[in-house]
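One file, upload_10.txt, carrying compact mmCIF, C-alpha atoms:
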# COMPACT_ATOMS: atom_id res chain seq x y z
CA MET A 720 74.64 76.74 114.35
CA MET A 721 77.86 78.50 113.37
CA LYS A 722 78.66 82.21 113.70
CA ALA A 723 79.79 84.12 110.61
CA PHE A 724 80.34 87.68 109.37
CA ALA A 725 78.60 88.50 106.11
CA VAL A 726 77.98 91.19 103.52
CA THR A 727 74.20 91.37 103.53
CA SER A 728 73.83 93.34 100.27
CA PRO A 729 76.08 94.40 97.39
CA ASP A 730 76.06 98.03 98.48
CA GLY A 731 77.53 97.29 101.95
CA PRO A 732 79.24 99.06 103.44
CA GLU A 733 79.70 97.13 106.71
CA LEU A 734 79.48 93.44 107.49
CA SER A 735 76.97 91.96 109.93
CA GLU A 736 77.01 88.93 112.20
CA ILE A 737 74.79 86.04 111.10
CA GLU A 738 74.30 82.37 111.96
CA ILE A 739 74.40 79.46 109.53
CA ALA A 740 73.63 75.79 110.04
CA GLU A 741 76.52 73.37 110.44
CA PRO A 742 76.50 71.11 107.35
CA GLU A 743 76.08 67.35 107.43
CA LEU A 744 79.02 65.85 105.53
CA SER A 745 79.05 63.05 103.00
CA GLY A 746 81.45 61.66 100.40
CA ARG A 747 84.70 63.64 100.29
CA GLU A 748 83.34 66.76 101.97
CA VAL A 749 85.29 68.39 104.79
CA LEU A 750 84.50 70.89 107.54
CA VAL A 751 87.46 73.04 108.61
CA ASP A 752 87.51 75.09 111.81
CA VAL A 753 88.84 78.49 110.80
CA THR A 754 91.78 79.65 112.94
CA HIS A 755 93.24 82.22 110.51
CA ALA A 756 91.56 84.24 107.74
CA GLY A 757 93.44 86.69 105.54
CA VAL A 758 91.86 89.94 104.35
CA CYS A 759 92.28 90.70 100.64
CA HIS A 760 91.62 93.74 98.43
CA THR A 761 89.17 91.58 96.45
CA ASP A 762 86.90 91.70 99.50
CA LEU A 763 86.38 95.41 98.85
CA HIS A 764 84.98 94.62 95.42
CA LEU A 765 82.70 91.97 96.90
CA ARG A 766 81.55 94.45 99.54
CA SER A 767 80.84 97.13 96.92
CA GLY A 768 79.18 94.72 94.50
CA GLY A 769 81.52 94.70 91.52
CA TYR A 770 84.42 96.05 89.46
CA ASP A 771 85.13 99.33 87.69
CA LEU A 772 85.48 98.66 83.95
CA GLY A 773 86.24 102.22 82.86
CA SER A 774 84.23 103.25 79.82
CA ALA A 775 82.73 99.74 79.71
CA GLY A 776 80.81 100.53 82.87
CA PHE A 777 80.50 98.45 86.03
CA LEU A 778 80.72 94.67 86.32
CA SER A 779 78.01 93.70 88.79
CA LEU A 780 78.70 90.63 90.88
CA LEU A 781 74.97 89.99 91.01
CA ASP A 782 75.12 89.53 87.23
CA ARG A 783 77.92 87.01 87.76
CA GLY A 784 75.76 84.93 90.04
CA VAL A 785 77.11 86.09 93.41
CA GLN A 786 74.41 85.84 96.05
CA TYR A 787 73.99 87.87 99.24
CA PRO A 788 74.29 87.54 102.18
CA LEU A 789 77.85 86.46 101.40
CA ILE A 790 80.43 85.25 103.87
CA MET A 791 83.71 86.47 102.41
CA GLY A 792 87.21 85.29 103.26
CA HIS A 793 89.22 83.23 100.78
CA GLU A 794 92.58 83.05 102.60
CA ILE A 795 91.71 80.26 105.02
CA ALA A 796 93.85 78.19 107.38
CA GLY A 797 92.49 75.98 110.09
CA THR A 798 92.10 72.50 111.51
CA VAL A 799 89.96 69.72 110.14
CA ARG A 800 86.85 69.32 112.33
CA ALA A 801 85.08 66.55 110.42
CA VAL A 802 85.27 64.60 107.15
CA GLY A 803 82.85 62.72 104.93
CA ASP A 804 82.66 58.93 104.82
CA GLU A 805 84.84 58.62 101.70
CA VAL A 806 87.79 60.70 102.97
CA THR A 807 90.88 58.59 103.68
CA ASP A 808 93.68 61.07 102.89
CA LEU A 809 92.91 63.68 105.59
CA GLN A 810 92.71 63.38 109.36
CA VAL A 811 90.56 65.19 111.91
CA GLY A 812 92.76 67.75 113.68
CA GLN A 813 95.11 68.16 110.72
CA GLN A 814 96.25 71.74 110.05
CA VAL A 815 95.53 72.84 106.48
CA VAL A 816 95.32 75.76 104.10
CA VAL A 817 92.20 75.65 101.93
CA TYR A 818 92.34 76.14 98.14
CA PRO A 819 89.39 78.48 97.48
CA TRP A 820 89.30 79.04 93.70
CA LEU A 821 86.82 76.34 92.80
CA GLY A 822 85.27 75.74 89.39
CA CYS A 823 82.71 73.12 88.44
CA GLY A 824 85.21 70.41 89.40
CA GLU A 825 84.24 68.17 86.50
CA CYS A 826 85.28 69.75 83.19
CA ALA A 827 88.58 69.08 81.39
CA THR A 828 90.07 72.35 82.72
CA CYS A 829 89.20 71.56 86.34
CA LEU A 830 90.55 68.03 86.04
CA THR A 831 93.98 69.45 85.14
CA GLY A 832 94.03 71.35 88.46
CA ASN A 833 93.28 74.75 86.90
CA GLU A 834 89.86 75.35 88.42
CA ASN A 835 90.52 79.08 88.50
CA GLN A 836 90.19 78.92 84.68
CA CYS A 837 86.96 76.89 84.67
CA PRO A 838 84.75 77.94 81.73
CA VAL A 839 81.63 76.40 83.26
CA LYS A 840 81.10 77.72 86.77
CA ASN A 841 82.67 79.83 89.52
CA ARG A 842 82.29 78.27 92.97
CA GLY A 843 85.03 80.21 94.75
CA LEU A 844 84.97 80.03 98.54
CA GLY A 845 84.38 83.51 99.92
CA VAL A 846 83.14 84.64 96.49
CA ALA A 847 80.36 82.37 95.22
CA LEU A 848 80.24 80.03 98.22
CA HIS A 849 80.56 80.94 101.89
CA GLY A 850 84.15 81.55 102.94
CA GLY A 851 86.38 81.87 105.97
CA TYR A 852 84.97 84.79 107.96
CA ALA A 853 83.17 82.25 110.08
CA ASP A 854 83.61 79.64 112.81
CA ALA A 855 84.12 76.97 110.14
CA VAL A 856 84.07 76.54 106.36
CA TRP A 857 82.59 73.74 104.25
CA VAL A 858 84.98 72.34 101.64
CA PRO A 859 83.47 70.14 98.88
CA ASP A 860 86.47 67.82 98.47
CA ALA A 861 89.41 66.86 100.69
CA LYS A 862 91.82 67.49 97.81
CA TYR A 863 91.36 71.23 98.36
CA CYS A 864 92.84 70.96 101.86
CA VAL A 865 96.64 71.25 101.58
CA SER A 866 98.57 70.19 104.68
CA LEU A 867 100.65 72.97 106.23
CA ASP A 868 103.09 70.48 107.82
CA GLY A 869 104.55 72.93 110.32
CA ILE A 870 104.14 76.16 108.33
CA ASP A 871 102.87 78.95 110.58
CA PRO A 872 99.12 79.08 109.76
CA GLU A 873 99.17 82.86 110.09
CA TRP A 874 101.40 82.94 107.02
CA GLY A 875 99.95 79.78 105.52
CA ALA A 876 96.52 81.40 105.17
CA THR A 877 97.93 84.07 102.84
CA LEU A 878 99.39 81.42 100.52
CA ALA A 879 95.85 80.62 99.32
CA CYS A 880 95.60 84.00 97.55
CA SER A 881 98.68 86.19 97.89
CA GLY A 882 101.00 83.21 97.52
CA VAL A 883 99.22 81.41 94.72
CA THR A 884 98.51 84.64 92.80
CA ALA A 885 102.16 85.69 92.97
CA TYR A 886 103.41 82.24 91.99
CA SER A 887 100.99 81.93 89.06
CA ALA A 888 102.02 85.37 87.74
CA ALA A 889 105.75 84.65 88.18
CA ARG A 890 105.37 81.31 86.38
CA LYS A 891 104.02 83.16 83.33
CA VAL A 892 107.41 84.89 82.86
CA SER A 893 109.52 81.83 83.70
CA ASN A 894 110.97 81.81 80.17
CA ILE A 895 112.72 85.15 80.77
CA PRO A 896 116.51 84.66 81.20
CA ALA A 897 117.62 85.13 84.81
CA ASP A 898 119.59 88.34 84.17
CA HIS A 899 116.95 90.10 82.03
CA PRO A 900 114.99 92.78 83.92
CA ILE A 901 111.51 92.06 85.25
CA LEU A 902 109.55 95.06 86.52
CA VAL A 903 107.08 94.59 89.37
CA ILE A 904 104.48 97.36 89.72
CA GLY A 905 103.11 97.49 93.25
CA ALA A 906 104.96 96.49 96.44
CA GLY A 907 101.95 95.57 98.55
CA GLY A 908 101.34 92.13 100.02
CA VAL A 909 101.01 90.24 96.73
CA GLY A 910 103.78 92.21 95.05
CA LEU A 911 106.19 91.41 97.89
CA THR A 912 105.31 87.73 97.62
CA ALA A 913 105.94 87.88 93.88
CA ILE A 914 109.38 89.39 94.44
CA ALA A 915 110.28 86.54 96.78
CA THR A 916 108.83 84.00 94.32
CA LEU A 917 110.74 85.42 91.33
CA HIS A 918 113.92 85.33 93.40
CA ALA A 919 113.21 81.75 94.49
CA LEU A 920 112.72 80.78 90.82
CA GLY A 921 116.17 82.15 89.97
CA HIS A 922 115.52 85.65 88.60
CA GLU A 923 118.38 88.04 89.34
CA ASN A 924 117.18 91.39 87.96
CA ILE A 925 113.95 92.38 89.71
CA VAL A 926 112.99 96.07 89.66
CA VAL A 927 110.14 97.29 91.87
CA VAL A 928 108.14 100.51 91.61
CA ASP A 929 105.35 101.85 93.80
CA ARG A 930 103.77 105.16 94.78
CA HIS A 931 105.17 104.70 98.29
CA ASP A 932 108.53 103.47 99.56
CA GLY A 933 107.23 102.00 102.82
CA THR A 934 107.99 98.39 101.87
CA PHE A 935 111.07 98.94 99.70
CA GLN A 936 113.58 97.82 102.31
CA TYR A 937 111.74 94.56 102.73
CA ALA A 938 111.42 94.23 98.94
CA LYS A 939 115.22 94.36 98.71
CA GLU A 940 115.56 91.74 101.42
CA LEU A 941 113.24 89.50 99.40
CA GLY A 942 115.29 89.85 96.22
CA ALA A 943 114.56 93.20 94.55
CA THR A 944 117.68 94.68 92.93
CA LYS A 945 116.28 98.19 92.39
CA THR A 946 113.34 100.17 93.77
CA ALA A 947 111.82 103.53 92.82
CA VAL A 948 108.83 105.71 93.67
CA ILE A 949 106.60 106.59 90.72
CA GLY A 950 103.69 109.01 90.30
CA ASP A 951 101.10 110.22 87.82
CA GLU A 952 103.77 111.88 85.66
CA THR A 953 106.01 108.79 85.36
CA ASN A 954 106.29 107.65 81.74
CA GLY A 955 107.93 104.90 79.73
CA SER A 956 111.19 106.81 79.35
CA ASP A 957 111.36 107.24 83.11
CA ILE A 958 110.95 103.50 83.59
CA GLY A 959 113.74 102.89 81.10
CA GLU A 960 116.04 105.10 83.17
CA ILE A 961 115.02 103.42 86.43
CA VAL A 962 115.55 99.91 85.06
CA GLY A 963 118.56 100.79 82.89
CA GLU A 964 116.81 99.41 79.79
CA LYS A 965 113.31 98.43 78.72
CA PRO A 966 111.99 95.58 80.89
CA ALA A 967 111.70 92.12 79.35
CA ALA A 968 108.57 91.51 81.41
CA ILE A 969 106.27 93.58 83.61
CA ILE A 970 103.95 92.19 86.28
CA ASP A 971 101.34 94.77 87.25
CA PHE A 972 99.81 94.15 90.69
CA VAL A 973 97.85 97.42 90.53
CA ASN A 974 96.51 97.25 86.96
CA SER A 975 94.75 100.60 86.89
CA THR A 976 94.22 102.73 83.80
CA GLN A 977 97.47 104.57 84.64
CA THR A 978 99.70 101.60 85.45
CA SER A 979 98.50 99.47 82.53
CA LYS A 980 99.35 102.29 80.10
CA LEU A 981 102.69 102.79 81.82
CA ALA A 982 103.45 99.09 81.42
CA PHE A 983 102.60 99.14 77.70
CA ASP A 984 104.69 102.26 77.13
CA SER A 985 107.65 100.73 79.02
CA ILE A 986 107.88 97.14 77.76
CA ARG A 987 110.61 96.13 75.33
CA ARG A 988 109.91 94.65 71.93
CA ALA A 989 108.50 91.11 72.19
CA GLY A 990 108.14 91.62 75.95
CA THR A 991 105.42 90.23 78.18
CA ILE A 992 102.97 92.16 80.37
CA VAL A 993 101.15 90.18 83.06
CA GLN A 994 98.07 91.95 84.41
CA VAL A 995 97.18 90.83 87.93
CA GLY A 996 95.66 93.70 89.91
CA LEU A 997 91.94 94.44 90.00
CA PHE A 998 92.18 98.14 90.82
CA GLY A 999 89.92 98.87 87.86
CA GLY A 1000 89.92 101.02 84.74
CA GLU A 1001 90.85 100.13 81.19
CA LEU A 1002 93.80 99.72 78.86
CA ARG A 1003 93.78 101.68 75.61
CA VAL A 1004 96.69 100.97 73.28
CA PRO A 1005 97.46 101.53 69.59
CA THR A 1006 96.61 98.21 67.98
CA ALA A 1007 99.31 98.58 65.32
CA LEU A 1008 101.98 99.00 68.01
CA THR A 1009 100.82 95.83 69.74
CA VAL A 1010 101.58 93.99 66.50
CA ILE A 1011 104.76 95.85 65.53
CA GLN A 1012 106.20 95.60 69.04
CA GLN A 1013 104.98 91.98 69.34
CA VAL A 1014 103.82 92.61 72.91
CA SER A 1015 102.14 89.78 74.82
CA ILE A 1016 99.49 90.86 77.34
CA ILE A 1017 98.35 88.11 79.72
CA GLY A 1018 95.64 88.24 82.34
CA SER A 1019 96.56 86.27 85.45
CA TYR A 1020 93.78 85.54 87.95
CA VAL A 1021 94.86 83.79 91.16
CA GLY A 1022 96.18 80.27 90.40
CA GLY A 1023 95.41 76.58 90.24
CA LEU A 1024 95.45 73.89 92.91
CA ASN A 1025 98.85 72.70 91.68
CA ASP A 1026 100.14 76.27 92.06
CA LEU A 1027 99.09 76.29 95.71
CA ARG A 1028 100.80 72.97 96.30
CA ALA A 1029 103.96 74.34 94.65
CA VAL A 1030 103.88 77.49 96.81
CA VAL A 1031 103.44 75.44 99.98
CA ASP A 1032 106.39 73.26 98.93
CA LEU A 1033 108.56 76.36 98.36
CA ALA A 1034 107.60 77.60 101.83
CA LYS A 1035 108.43 74.23 103.42
CA GLU A 1036 111.83 74.23 101.69
CA GLY A 1037 112.62 77.69 103.04
CA LYS A 1038 112.79 79.18 99.53
CA LEU A 1039 109.91 81.58 100.08
CA PRO A 1040 110.58 84.05 102.89
CA ARG A 1041 107.63 85.01 105.01
CA SER A 1042 105.96 88.28 104.02
CA PRO A 1043 105.19 90.92 106.68
CA ILE A 1044 101.80 90.26 108.23
CA ALA A 1045 99.67 92.35 110.55
CA THR A 1046 97.20 90.48 112.74
CA ALA A 1047 93.87 91.31 114.33
CA GLU A 1048 91.14 89.41 116.13
CA LEU A 1049 88.67 87.50 113.97
CA SER A 1050 85.71 89.60 115.10
CA LEU A 1051 83.10 91.82 113.47
CA ASP A 1052 84.65 95.08 114.66
CA SER A 1053 88.17 94.06 113.57
CA LEU A 1054 87.01 92.90 110.16
CA ASN A 1055 85.05 96.07 109.42
CA GLY A 1056 87.98 98.16 110.66
CA VAL A 1057 90.54 96.35 108.50
CA LEU A 1058 88.37 96.64 105.38
CA THR A 1059 87.81 100.36 105.97
CA ALA A 1060 91.54 100.96 106.48
CA MET A 1061 92.25 99.08 103.27
CA GLU A 1062 89.68 101.10 101.35
CA ASP A 1063 91.16 104.35 102.71
CA GLY A 1064 94.68 103.32 101.66
CA ARG A 1065 95.91 103.02 105.25
CA SER A 1066 96.77 99.33 105.01
CA ARG A 1067 100.15 98.06 103.76
CA GLY A 1068 101.04 94.40 103.31
CA ARG A 1069 98.71 91.62 104.45
CA THR A 1070 96.38 91.44 107.44
CA VAL A 1071 95.31 88.10 108.90
CA LEU A 1072 92.44 87.73 111.35
CA VAL A 1073 93.20 85.25 114.11
CA ARG A 1074 90.71 83.34 116.26

Exercise: express the given structure as structure tokens:
Amino acid sequence: MMKAFAVTSPDGPELSEIEIAEPELSGREVLVDVTHAGVCHTDLHLRSGGYDLGSAGFLSLLDRGVQYPLIMGHEIAGTVRAVGDEVTDLQVGQQVVVYPWLGCGECATCLTGNENQCPVKNRGLGVALHGGYADAVWVPDAKYCVSLDGIDPEWGATLACSGVTAYSAARKVSNIPADHPILVIGAGGVGLTAIATLHALGHENIVVVDRHDGTFQYAKELGATKTAVIGDETNGSDIGEIVGEKPAAIIDFVNSTQTSKLAFDSIRRAGTIVQVGLFGGELRVPTALTVIQQVSIIGSYVGGLNDLRAVVDLAKEGKLPRSPIATAELSLDSLNGVLTAMEDGRSRGRTVLVR
């Protein structure tokens, strides 16, 4: 039996310790001993059972097929404990980061490496399937285990969500000329990684705004050219003054009712808004202005397997500076404490639980 920490019902609020049977492996299946597990804001939605949709109501995870008890944890690094009889490209004892955003694995979308966009089925580790808040995690195919090759696993774990989400979002504005301004809303863990990623991809005009300035110095070290604190009264004209002109692209890592409206009111004509955050709410915009201004609004949810491989390569090449990481013991008390601090707004940057 293996020990794990699980949400026992969709109304939480705290996790409990449970035991699960160790799986018998076959084919290309892998069992990874978890040494590092990152804590993500998405876990709060899983713990509370869904997402705020504004006037559209509440998106219940039960209605999306999520089953409880659920072992969360989708930022997973560890060592390979065992492999199935068809695995030849992975060795026992190898240190890996696990790609968690699994789809059906068989449709045309999945076969291109974009399982996060699978139209058939969500099998995400730590979301639909048991994740990394456990002694070990079952992985259905060895291809989802990406070798860390010397990358600190404490940081490597965060690449599975923070890293791949930031890279996927940055890639969606890769057509923006290097000197044209890109606005990043939210300088938390994922936002900081996006700043570093944009800089690594050659962007030279990265403006960052947040309600707090606690991470601004580090944002500048990662490549931000300007930073500013914003509040409820900040409007599109204010953003224009902060940036010096209307942004060519805006990546919103908060994506609340307030920030999504601010992004729409701030973007230049024919600009691109990438919505990443899952804070909740809704976007109400004049439909005629969307056409006249030729605004592109793109939803960006995590990233594909190829995105994770690209992020790991950037890290290995030294082109992606390590984000600030707080650590805690991978235990029930630590996990509940970290989630509560995150919910109360007392957590900045990423936290990784270490065994």

Self-check item: Residue contacts of segment 993-1010 of chain A (10 Å, only C-alpha atoms) excluding same-chain residues fewer than 3 positions away, as number ranges by chain
Solution: A: 760-761, 764, 770-777, 884-885, 887-889, 891-892, 903-905, 909-910, 968-984, 988-989, 1013-1021

Output C-alpha atoms for every residue in the selection just made, as a JSON list (two decimals), in the frame of the given file.
[["chain", "number", "residue", "atom", "x", "y", "z"],
["A", 760, "HIS", "CA", 91.62, 93.74, 98.43],
["A", 761, "THR", "CA", 89.17, 91.58, 96.45],
["A", 764, "HIS", "CA", 84.98, 94.62, 95.42],
["A", 770, "TYR", "CA", 84.42, 96.05, 89.46],
["A", 771, "ASP", "CA", 85.13, 99.33, 87.69],
["A", 772, "LEU", "CA", 85.48, 98.66, 83.95],
["A", 773, "GLY", "CA", 86.24, 102.22, 82.86],
["A", 774, "SER", "CA", 84.23, 103.25, 79.82],
["A", 775, "ALA", "CA", 82.73, 99.74, 79.71],
["A", 776, "GLY", "CA", 80.81, 100.53, 82.87],
["A", 777, "PHE", "CA", 80.50, 98.45, 86.03],
["A", 884, "THR", "CA", 98.51, 84.64, 92.80],
["A", 885, "ALA", "CA", 102.16, 85.69, 92.97],
["A", 887, "SER", "CA", 100.99, 81.93, 89.06],
["A", 888, "ALA", "CA", 102.02, 85.37, 87.74],
["A", 889, "ALA", "CA", 105.75, 84.65, 88.18],
["A", 891, "LYS", "CA", 104.02, 83.16, 83.33],
["A", 892, "VAL", "CA", 107.41, 84.89, 82.86],
["A", 903, "VAL", "CA", 107.08, 94.59, 89.37],
["A", 904, "ILE", "CA", 104.48, 97.36, 89.72],
["A", 905, "GLY", "CA", 103.11, 97.49, 93.25],
["A", 909, "VAL", "CA", 101.01, 90.24, 96.73],
["A", 910, "GLY", "CA", 103.78, 92.21, 95.05],
["A", 968, "ALA", "CA", 108.57, 91.51, 81.41],
["A", 969, "ILE", "CA", 106.27, 93.58, 83.61],
["A", 970, "ILE", "CA", 103.95, 92.19, 86.28],
["A", 971, "ASP", "CA", 101.34, 94.77, 87.25],
["A", 972, "PHE", "CA", 99.81, 94.15, 90.69],
["A", 973, "VAL", "CA", 97.85, 97.42, 90.53],
["A", 974, "ASN", "CA", 96.51, 97.25, 86.96],
["A", 975, "SER", "CA", 94.75, 100.60, 86.89],
["A", 976, "THR", "CA", 94.22, 102.73, 83.80],
["A", 977, "GLN", "CA", 97.47, 104.57, 84.64],
["A", 978, "THR", "CA", 99.70, 101.60, 85.45],
["A", 979, "SER", "CA", 98.50, 99.47, 82.53],
["A", 980, "LYS", "CA", 99.35, 102.29, 80.10],
["A", 981, "LEU", "CA", 102.69, 102.79, 81.82],
["A", 982, "ALA", "CA", 103.45, 99.09, 81.42],
["A", 983, "PHE", "CA", 102.60, 99.14, 77.70],
["A", 984, "ASP", "CA", 104.69, 102.26, 77.13],
["A", 988, "ARG", "CA", 109.91, 94.65, 71.93],
["A", 989, "ALA", "CA", 108.50, 91.11, 72.19],
["A", 1013, "GLN", "CA", 104.98, 91.98, 69.34],
["A", 1014, "VAL", "CA", 103.82, 92.61, 72.91],
["A", 1015, "SER", "CA", 102.14, 89.78, 74.82],
["A", 1016, "ILE", "CA", 99.49, 90.86, 77.34],
["A", 1017, "ILE", "CA", 98.35, 88.11, 79.72],
["A", 1018, "GLY", "CA", 95.64, 88.24, 82.34],
["A", 1019, "SER", "CA", 96.56, 86.27, 85.45],
["A", 1020, "TYR", "CA", 93.78, 85.54, 87.95],
["A", 1021, "VAL", "CA", 94.86, 83.79, 91.16]]

Quiz prompt | 10 Å contact set for segment 732-742 of chain A, only C-alpha atoms, chain neighbours under 4 positions out, as a ChimeraX atom specification | solution = /A:720-728,748-750,763,766-768,788-791,849,852-857,1050-1052,1054-1056,1058-1059

Quiz prompt | Point-to-point distance in Å for atom CA of Gly822 of chain A and atom CA of Gly843 of chain A | solution = 7.0 Å

Quiz item: Which is closer to Leu830 of chain A than all the others in A:Thr916, A:Thr991, A:Thr934, A:Asn1025, using all atoms listed in the file?
Solution: A:Asn1025

Practice problem: Work out how far atom CA of Gly869 of chain A is from atom CA of His922 of chain A, in Å to one decimal. | Solution: 27.5 Å

Quiz item: Which polymer residues, protein or nucleic acid, are no farther than 7 Å from (114.4, 85.7, 98.8), counting only C-alpha atoms, as a list in words?
Solution: Ala915, His918, Ala919, Glu940, Leu941, Gly942, Lys1038, Leu1039 and Pro1040 of chain A

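Pairwise distance (atom CA of Val839 of chain A, atom CA of Val753 of chain A) equals 28.5 Å.
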
Quiz prompt | Neighbour list for Ala938 of chain A as a list of chain:residue names, cut-off 10 Å, only C-alpha atoms, skip fewer than 6 positions in-chain | solution = A:Ala906, A:Gly907, A:Gly910, A:Leu911, A:Thr912, A:Ala913, A:Ile914, A:Ala915, A:Ile925, A:Val926, A:Val927, A:Asp932, A:Thr944, A:Lys945, A:Thr946, A:Ser1042

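Shortest atom-to-atom contact with Lys862 of chain A among A:Thr798, A:Thr807, A:Ser956, A:Thr1070: A:Thr807, counting all atoms listed in the file.
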
Exercise. Would you please work out which residue, of A:Asp951, A:Asp898, A:Asp957, A:Asp871, is nearest to Arg1041 of chain A when using all atoms listed in the file?
Key: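 When distances to Arg1041 of chain A are compared using all atoms listed in the file, the smallest one comes from A:Asp871.
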
Exercise. Measuring atom to atom with all atoms listed in the file, identify which of A:Leu867, A:Leu821, A:Leu844, A:Val751 is nearest to Arg1028 of chain A.
Key: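 With all atoms listed in the file as the atom set, the closest residue is A:Leu867.
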
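Every protein, DNA or RNA residue with an atom at most 9 Å from Ala861 of chain A, where only C-alpha atoms count and chain neighbours fewer than 2 positions away do not, is listed here: Arg747, Glu748, Val749, Val802, Gly803, Val806, Thr807, Asp808, Leu809, Val858, Pro859, Tyr863, Cys864 and Val865 of chain A.
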
Practice problem: Would you be able to write out as JSON, numbers by chain which residues have an atom within 10 Å of (92.0, 78.1, 105.9) in the file's coordinates, counting all atoms listed in the file? | Solution: {"A": [751, 752, 753, 754, 755, 756, 757, 792, 793, 794, 795, 796, 797, 798, 799, 814, 815, 816, 817, 818, 819, 850, 851, 852, 855, 856, 864, 865, 872, 873, 875, 876, 877, 878, 879]}

Quiz item: Which of these residues is nearest to Arg1074 of chain A, using all atoms listed in the file: A:Cys826, A:Glu1062, A:Ala1047, A:Pro900?
Solution: A:Ala1047
